[in-house]
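K.L.:
Please find work_22.cif (mmCIF, C-alpha atoms) on the next line:
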data_final
loop_
_atom_site.label_atom_id
_atom_site.label_comp_id
_atom_site.auth_asym_id
_atom_site.auth_seq_id
_atom_site.Cartn_x
_atom_site.Cartn_y
_atom_site.Cartn_z
CA MET H 651 0.00 0.00 0.00
CA LYS H 652 1.43 3.32 -1.00
CA LYS H 653 1.98 5.88 1.65
CA ARG H 654 0.43 9.08 0.68
CA TYR H 655 1.89 12.38 1.70
CA LYS H 656 -0.36 15.20 2.35
CA LYS H 657 0.30 18.30 0.33
CA ASN H 658 1.26 20.41 3.30
CA ASP H 659 3.67 17.85 4.83
CA GLU H 660 7.16 19.38 5.33
CA ILE H 661 10.29 17.36 4.73
CA GLU H 662 12.52 17.72 7.76
CA VAL H 663 16.27 17.47 7.40
CA SER H 664 18.13 16.60 10.54
CA LEU H 665 20.88 19.18 11.14
CA THR H 666 22.32 17.46 14.17
CA SER H 667 25.03 15.49 12.39
CA MET H 668 26.09 18.51 10.35
CA ILE H 669 26.35 20.68 13.44
CA ASP H 670 28.36 17.96 15.18
CA MET H 671 30.78 17.91 12.30
CA VAL H 672 31.06 21.67 12.11
CA PHE H 673 31.77 21.84 15.83
CA LEU H 674 34.42 19.18 15.52
CA LEU H 675 36.10 21.06 12.69
CA LEU H 676 35.84 24.32 14.60
CA ILE H 677 37.44 22.85 17.70
CA PHE H 678 40.21 21.29 15.57
CA PHE H 679 41.09 24.58 13.89
CA MET H 680 40.85 26.54 17.14
CA VAL H 681 43.19 24.15 18.89
CA THR H 682 45.74 23.82 16.09
CA ALA H 683 45.75 27.44 14.89
CA LYS H 684 48.82 29.40 15.82
CA PHE H 685 49.23 32.96 14.70
CA VAL H 686 52.71 33.42 13.34
CA LEU H 687 54.17 36.90 13.36
CA PRO H 688 56.22 37.81 10.31
CA GLU H 689 59.97 37.71 10.77
CA GLY H 690 62.42 40.33 9.60
CA THR H 691 65.72 39.71 7.87
CA ILE H 692 69.15 41.25 7.73
CA PRO H 693 71.68 40.30 5.08
CA ALA H 694 74.37 37.86 6.13
CA PHE H 695 77.94 38.93 5.71
CA GLY H 696 80.97 36.77 5.10
CA ILE H 697 83.72 35.98 7.56
CA GLU H 698 87.38 36.32 6.76
CA GLN H 699 90.69 35.45 8.31
CA ALA H 700 92.20 38.09 10.58
CA ALA H 701 94.97 38.72 8.06
CA GLY H 702 92.30 39.98 5.68
CA VAL H 703 91.84 43.15 7.71
CA GLY H 704 95.12 44.59 6.61
CA GLY H 705 95.16 42.97 3.20
CA ARG H 706 91.80 44.31 2.09
CA VAL H 707 92.23 47.91 3.11
CA SER H 708 91.95 50.11 0.08
CA ALA H 709 94.31 53.01 -0.32
CA ALA H 710 91.49 55.55 -0.11
CA VAL H 711 89.56 54.62 3.01
CA GLU H 712 90.39 52.49 5.97
CA PRO H 713 87.59 50.45 7.55
CA TYR H 714 85.86 51.22 10.80
CA GLU H 715 86.77 48.45 13.20
CA ILE H 716 84.41 47.11 15.83
CA HIS H 717 85.56 44.75 18.55
CA ILE H 718 82.98 43.00 20.69
CA VAL H 719 84.06 41.17 23.81
CA LYS H 720 82.32 39.78 26.83
CA THR H 721 83.58 41.19 30.12
CA GLU H 722 82.44 40.91 33.72
CA ALA H 723 80.76 44.31 33.41
CA GLY H 724 78.84 43.22 30.33
CA THR H 725 79.37 43.08 26.60
CA ARG H 726 81.95 45.69 25.62
CA ILE H 727 81.73 47.20 22.15
CA GLN H 728 84.69 49.18 20.95
CA GLY H 729 84.78 51.20 17.75
CA LYS H 730 88.10 52.24 16.23
CA TYR H 731 88.80 54.61 13.40
CA ARG H 732 91.98 56.55 12.65
CA GLY H 733 93.30 55.90 16.12
CA ALA H 734 90.20 57.28 17.86
CA GLU H 735 88.33 54.86 20.08
CA THR H 736 84.70 54.87 21.11
CA GLN H 737 83.40 52.45 23.68
CA ALA H 738 80.05 51.23 24.98
CA VAL H 739 79.32 48.67 27.66
CA GLY H 740 76.08 46.78 27.23
CA VAL H 741 74.00 46.75 24.10
CA ASN H 742 71.07 48.80 25.32
CA ASP H 743 72.87 52.08 24.79
CA LEU H 744 74.92 52.02 21.64
CA GLY H 745 74.46 55.72 20.96
CA PRO H 746 78.18 56.65 21.13
CA ILE H 747 79.08 53.90 18.66
CA ARG H 748 76.32 54.97 16.29
CA GLU H 749 77.47 58.60 16.42
CA SER H 750 81.01 57.54 15.74
CA LEU H 751 79.87 55.38 12.79
CA GLU H 752 77.84 58.29 11.40
CA ALA H 753 80.90 60.53 11.64
CA TYR H 754 82.96 57.88 9.79
CA TYR H 755 80.32 57.64 7.06
CA ASN H 756 80.02 61.42 6.66
CA ASP H 757 83.82 61.82 6.56
CA ASN H 758 84.01 59.40 3.68
CA LEU H 759 81.34 60.61 1.30
CA GLY H 760 82.19 61.29 -2.31
CA GLU H 761 82.10 64.65 -4.07
CA ASP H 762 78.31 64.48 -4.45
CA LYS H 763 78.04 64.20 -0.64
CA LYS H 764 75.66 61.28 -1.05
CA THR H 765 77.60 58.24 -2.20
CA PRO H 766 80.20 56.76 0.13
CA LEU H 767 83.70 56.32 -1.21
CA GLU H 768 84.88 52.91 -2.29
CA GLY H 769 86.24 50.98 0.65
CA VAL H 770 83.84 52.39 3.26
CA GLU H 771 83.07 49.40 5.43
CA VAL H 772 82.89 48.07 8.95
CA THR H 773 84.87 45.08 10.12
CA ILE H 774 83.66 43.20 13.17
CA GLN H 775 85.75 41.04 15.42
CA CYS H 776 83.62 39.28 17.98
CA GLY H 777 84.42 37.00 20.89
CA ASP H 778 83.05 33.48 20.66
CA ASP H 779 81.23 33.83 23.98
CA VAL H 780 79.26 36.93 22.98
CA LYS H 781 75.54 36.29 22.67
CA TRP H 782 74.05 36.48 19.19
CA GLU H 783 71.50 38.97 20.47
CA ALA H 784 74.28 41.48 21.18
CA MET H 785 75.77 40.93 17.73
CA VAL H 786 72.42 41.59 16.06
CA ARG H 787 72.04 44.84 18.01
CA VAL H 788 75.43 45.97 16.72
CA LEU H 789 74.56 44.96 13.13
CA ASP H 790 71.32 46.88 13.55
CA ILE H 791 73.02 50.17 14.42
CA ILE H 792 75.52 49.76 11.58
CA ARG H 793 72.61 49.36 9.18
CA GLN H 794 71.08 52.57 10.54
CA THR H 795 74.10 54.50 9.29
CA ASN H 796 73.82 53.27 5.66
CA ILE H 797 77.37 51.93 5.61
CA PRO H 798 77.19 49.61 2.61
CA LYS H 799 79.51 46.84 3.68
CA ILE H 800 80.09 44.81 6.82
CA ARG H 801 82.69 42.08 7.20
CA PHE H 802 83.19 39.63 10.02
CA VAL H 803 86.82 38.99 10.77
CA GLU H 804 88.18 36.09 12.75
CA GLN H 805 89.96 37.13 15.91
CA SER H 806 93.70 36.92 15.55
CA MET G 203 19.37 28.10 16.34
CA THR G 204 20.04 29.79 13.01
CA PRO G 205 22.17 32.70 14.37
CA MET G 206 24.27 30.26 16.32
CA ILE G 207 24.96 28.14 13.25
CA ASP G 208 25.81 31.31 11.32
CA CYS G 209 28.24 32.31 14.00
CA VAL G 210 29.87 28.89 14.18
CA MET G 211 30.18 28.76 10.41
CA LEU G 212 31.83 32.16 10.36
CA LEU G 213 34.32 31.10 13.01
CA LEU G 214 35.02 27.89 11.14
CA VAL G 215 35.67 29.70 7.88
CA PHE G 216 37.90 32.20 9.70
CA PHE G 217 40.08 29.51 11.23
CA MET G 218 40.20 27.52 8.01
CA VAL G 219 41.32 30.55 6.03
CA THR G 220 43.82 31.95 8.53
CA SER G 221 45.40 28.75 9.78
CA LYS G 222 48.65 27.77 8.21
CA PHE G 223 50.13 24.42 9.01
CA LYS G 224 53.55 24.81 10.51
CA SER G 225 56.27 24.14 8.01
CA THR G 226 58.89 21.69 9.11
CA GLU G 227 61.75 23.95 8.08
CA ALA G 228 61.41 26.67 10.74
CA ASP G 229 61.92 25.56 14.33
CA ILE G 230 60.32 27.51 17.14
CA LEU G 231 63.04 29.64 18.60
CA SER G 232 63.52 33.06 20.10
CA LEU G 233 65.02 35.41 17.52
CA ALA G 234 67.07 38.50 18.29
CA TYR G 235 65.41 41.88 17.88
CA ALA G 236 66.52 44.26 15.15
CA ARG G 237 64.78 47.59 14.65
CA ASN G 238 65.98 48.12 11.11
CA ALA G 239 65.23 44.68 9.77
CA ASP G 240 64.02 44.27 6.22
CA SER G 241 60.55 42.84 5.99
CA GLU G 242 60.55 39.24 4.96
CA GLU G 243 59.78 38.89 1.28
CA ARG G 244 58.13 35.54 1.08
CA ALA G 245 57.69 34.74 -2.55
CA GLU G 246 56.11 31.32 -2.43
CA GLU G 247 57.80 30.16 -5.59
CA LYS G 248 61.26 31.04 -4.32
CA ALA G 249 63.04 28.08 -2.79
CA ARG G 250 64.53 28.54 0.65
CA PHE G 251 67.14 26.63 2.57
CA VAL G 252 66.48 27.29 6.25
CA ILE G 253 69.17 26.60 8.82
CA ASN G 254 68.14 26.83 12.47
CA VAL G 255 70.86 27.42 15.05
CA ARG G 256 69.42 26.54 18.43
CA PHE G 257 69.92 24.72 21.68
CA GLU G 258 69.40 20.97 21.56
CA GLU G 259 66.79 21.12 24.28
CA LYS G 260 65.03 23.83 26.21
CA GLY G 261 67.33 25.09 28.93
CA GLY G 262 70.21 23.04 27.54
CA SER G 263 73.57 24.41 26.52
CA LYS G 264 74.49 22.24 23.53
CA VAL G 265 73.99 24.04 20.26
CA ILE G 266 72.84 22.23 17.14
CA PHE G 267 72.06 23.17 13.56
CA THR G 268 68.83 21.81 12.09
CA VAL G 269 67.75 21.70 8.47
CA GLN G 270 64.33 20.24 7.69
CA GLY G 271 64.45 17.88 10.63
CA MET G 272 68.06 16.87 10.03
CA VAL G 273 70.36 17.62 12.95
CA PHE G 274 73.99 18.67 12.52
CA ASP G 275 76.42 18.87 15.41
CA PRO G 276 78.69 21.92 14.98
CA GLU G 277 81.41 20.13 16.94
CA SER G 278 81.59 17.30 14.41
CA ARG G 279 83.69 17.87 11.33
CA GLN G 280 81.80 15.18 9.39
CA ALA G 281 78.48 16.82 10.26
CA MET G 282 79.74 20.18 9.06
CA ASP G 283 80.95 18.56 5.82
CA ARG G 284 77.50 17.00 5.34
CA LEU G 285 75.85 20.37 5.95
CA GLY G 286 78.20 21.92 3.42
CA GLU G 287 77.27 19.27 0.87
CA ASN G 288 73.58 19.95 1.51
CA LEU G 289 74.17 23.64 0.94
CA ARG G 290 76.04 22.95 -2.27
CA GLY G 291 73.29 20.62 -3.45
CA PHE G 292 70.66 23.28 -2.78
CA ARG G 293 72.66 25.89 -4.61
CA PHE G 294 73.08 23.58 -7.60
CA GLN G 295 69.36 22.76 -7.72
CA GLU G 296 68.11 26.25 -6.92
CA PRO G 297 70.58 28.84 -8.18
CA ASN G 298 68.10 31.63 -7.41
CA GLY G 299 67.07 30.24 -4.04
CA GLU G 300 67.88 31.92 -0.79
CA ILE G 301 69.45 30.72 2.42
CA MET G 302 67.89 31.80 5.70
CA VAL G 303 69.80 31.46 8.94
CA ARG G 304 67.60 31.51 12.04
CA VAL G 305 69.66 31.86 15.20
CA ASP G 306 68.34 31.67 18.75
CA ARG G 307 69.20 34.96 20.42
CA ASN G 308 70.90 33.26 23.37
CA VAL G 309 73.29 31.22 21.24
CA GLU G 310 76.88 32.40 21.46
CA TYR G 311 78.58 33.86 18.42
CA GLY G 312 81.16 31.04 18.34
CA SER G 313 78.49 28.64 17.04
CA VAL G 314 77.34 31.07 14.37
CA LYS G 315 80.95 31.54 13.34
CA LYS G 316 81.21 27.83 12.60
CA LEU G 317 78.24 28.13 10.28
CA GLN G 318 79.71 31.26 8.68
CA LYS G 319 82.88 29.30 7.99
CA VAL G 320 80.96 26.42 6.40
CA MET G 321 79.14 28.90 4.16
CA ARG G 322 82.38 30.64 3.29
CA ASP G 323 84.26 27.44 2.48
CA LYS G 324 81.46 25.63 0.65
CA LEU G 325 79.56 28.48 -0.96
CA GLY G 326 81.91 31.43 -0.96
CA VAL G 327 79.55 33.60 1.09
CA GLY G 328 81.13 37.02 1.34
CA LYS G 329 82.87 36.62 -2.00
CA GLU G 330 79.97 36.10 -4.37
CA ARG G 331 77.29 38.71 -4.23
CA GLU G 332 74.62 36.88 -6.18
CA LEU G 333 74.03 34.36 -3.45
CA LYS G 334 71.33 35.57 -1.09
CA VAL G 335 71.91 34.68 2.53
CA SER G 336 70.01 36.39 5.35
CA TYR G 337 69.65 36.16 9.10
CA SER G 338 66.12 36.04 10.44
CA VAL G 339 65.41 38.53 13.20
CA ASP G 340 62.44 39.65 15.23
CA PRO G 341 61.23 43.10 14.16
CA ASN G 342 59.15 43.49 17.34
CA PRO G 343 60.92 44.93 20.41
CA PRO G 344 61.16 42.52 23.35
CA GLY G 345 62.16 45.19 25.89
CA GLU G 346 65.54 45.71 27.45
CA ILE G 347 67.89 42.76 27.40
CA SER G 348 70.31 41.62 30.01
CA GLN G 349 73.84 42.90 29.81
#
Transcribe the structure of this file into C-alpha cells.
P.N.:
Amino acid sequence: MKKRYKKNDEIEVSLTSMIDMVFLLLIFFMVTAKFVLPEGTIPAFGIEQAAGVGGRVSAAVEPYEIHIVKTEAGTRIQGKYRGAETQAVGVNDLGPIRESLEAYYNDNLGEDKKTPLEGVEVTIQCGDDVKWEAMVRVLDIIRQTNIPKIRFVEQS
Amino acid sequence: MTPMIDCVMLLLVFFMVTSKFKSTEADILSLAYARNADSEERAEEKARFVINVRFEEKGGSKVIFTVQGMVFDPESRQAMDRLGENLRGFRFQEPNGEIMVRVDRNVEYGSVKKLQKVMRDKLGVGKERELKVSYSVDPNPPGEISQ
C-alpha cells in the first residue's frame, strides 16, 4: 500500500550530524591554529681570516673596526677609526658607537656628498662567547648609518 | 538556532582561512630583535634553505644546527661537511634560491661563526654577491635585554 503524503507535509532534514561535524572542525582549527608573526631579515655577511683586515684595506679609506668582547661588566663594544676609540658597555645604549659610525660615514662621502667612497666598510671582530642577540644589536646600528659593507673577521 | 549556526560557520571559515600548518623547516626559537630589519619577502615560488641554530633542548647548553628535521652537530667535522654538501646541493638545484639562517638569540657567536665558515668554504659567502643569505630577526621589540 502506498503511503500518501499530504500536500502540506514538510520534509525535515536533521541538522544534528552537520552541526556535530562543524563543531568538531571548529574545535580542531581553534586548537591547532597558531598565529605566526612575520619575521624580519638582515643580510648575512661573510667571515674572513684576521689577516684579511690589513690585506683588504683600500688606499682611499680604511675600515671602521668594531671589537665585541664579553667582560664581567657586560658586553663591551669598541669602535676604532683613525686611532680614535669609542666604547660602549652593554647593548642597550649604543648611541656613542652609532654617532662615531655616522661621523665615519660622513667623513668618507664622495664629491656628491651622497655616495660613500669605495672601501667604506665596517669590520667586526667578535668574541666566541658573545651572545648572538648582542651581535644583532650591533649589526642593527651599523645598518642605521647606511654603511654599505660589513665584514666579520676572525679574531687573531 | 540559526544565528548560532551562522556564528559557528563564520568562526570555522575564519580559522580555516587563517590557519597555516607549521612548516617543518622553521623551528620555534627566540630570535634576536633588530629595529631596522628588512621585511621578509616571502615569494612562495622562491626556494629557501632554512638553517636553524638553536639549543638541543630547552634550557640546555648544547647548540645544534637543524635543516628540515636533520640535525647537525657543529662540533663534528663530518656533520659540518655533510651540511656543506647539503648547501652545495641546494645551490646547484636552486641557483636563485635563498638561504635563511635563524639563530636563537641566546646562542653564542662562536656557534654562528662555525656556520659562517661552512658557508664561506662551501659556498663562498662574502665573496659572491649573487648568493642571497640572510639572518632572520624579530622586528618586534622585546624590551631591554640583560647585559
K.L.:
Pick the closest to chain H from G:Glu258, G:Asp275, G:Glu310, G:Asp323: which is it, counting only C-alpha atoms?
P.N.:
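Of the candidates, the smallest distance to chain H is held by G:Glu310.
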K.L.:
Using only C-alpha atoms, which chain H residues lie at most 6 Å away from chain G, written as JSON, numbers by chain?
P.N.:
{"H": [676, 679, 683, 689, 690, 691, 692, 693, 694, 695, 696, 724, 740, 778, 779, 780, 781, 782, 783, 790]}
K.L.:
Please provide as number ranges by chain all residues within 7 Å of stretch 729-734 of chain H, with the sequence filter that same-chain residues fewer than 4 positions apart are discarded (counting only C-alpha atoms).
P.N.:
H: 714-717, 747
K.L.:
Starting from the shown file, work through the PyMOL selection byres ((chain H and resi 669) around 12) and note down what comes out as a list in words.
P.N.:
Ser664, Leu665, Thr666, Ser667, Met668, Asp670, Met671, Val672, Phe673, Leu674, Leu675 and Leu676 of chain H; Met203, Thr204, Met206, Ile207, Asp208, Cys209, Val210, Met211 and Leu214 of chain G
K.L.:
Taking into account all atoms listed in the file, which residue in the set G:Phe292, G:Leu285, G:Pro205, G:Phe251 is nearest to G:Ile266?
P.N.:
G:Leu285
K.L.:
Mind pulling up the distance from atom CA of H:Val788 to atom CA of G:Met282?
P.N.:
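Interatomic distance here is 27.2 Å.
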K.L.:
Please enumerate the residues selected by the PyMOL selection byres ((chain H and resi 792) around 10) when evaluated against the supplied file, formatted as number ranges by chain.
P.N.:
H: 747-748, 751-752, 771-772, 786-791, 793-800; G: 238
K.L.:
Name the residues captured by the PyMOL selection byres ((chain G and resi 293) around 12) when it is applied to the shown file; answer as a list of chain:residue names.
P.N.:
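With the shown file as input, the PyMOL selection byres ((chain G and resi 293) around 12) matches G:Ala249, G:Arg250, G:Phe251, G:Gly286, G:Glu287, G:Asn288, G:Leu289, G:Arg290, G:Gly291, G:Phe292, G:Phe294, G:Gln295, G:Glu296, G:Pro297, G:Asn298, G:Gly299, G:Glu300, G:Ile301, G:Met321, G:Lys324, G:Leu325, G:Gly326, G:Val327, G:Glu332, G:Leu333, G:Lys334, G:Val335.
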K.L.:
What does the distance between atom CA of G:Ile253 and atom CA of H:Arg726 come to in Å, to one decimal place?
P.N.:
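These two atoms are separated by 28.5 Å.
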K.L.:
Grab the atom CA of H:Lys684 to atom CA of G:Arg256 distance for me, in Å with one decimal place.
P.N.:
21.0 Å
K.L.:
Excluding H:Pro746 and its own-chain neighbours fewer than 4 positions away, which residues fall within 7 Å of it when counting all atoms listed in the file? Please give them as number ranges by chain.
P.N.:
H: 736, 738, 750
K.L.:
Do a neighbour search on G:Val269 at 7 Å with all atoms listed in the file, toss out local chain neighbours closer than 4 positions, and write the hits as a PyMOL selection string.
P.N.:
chain G and resi 227+252-254+273
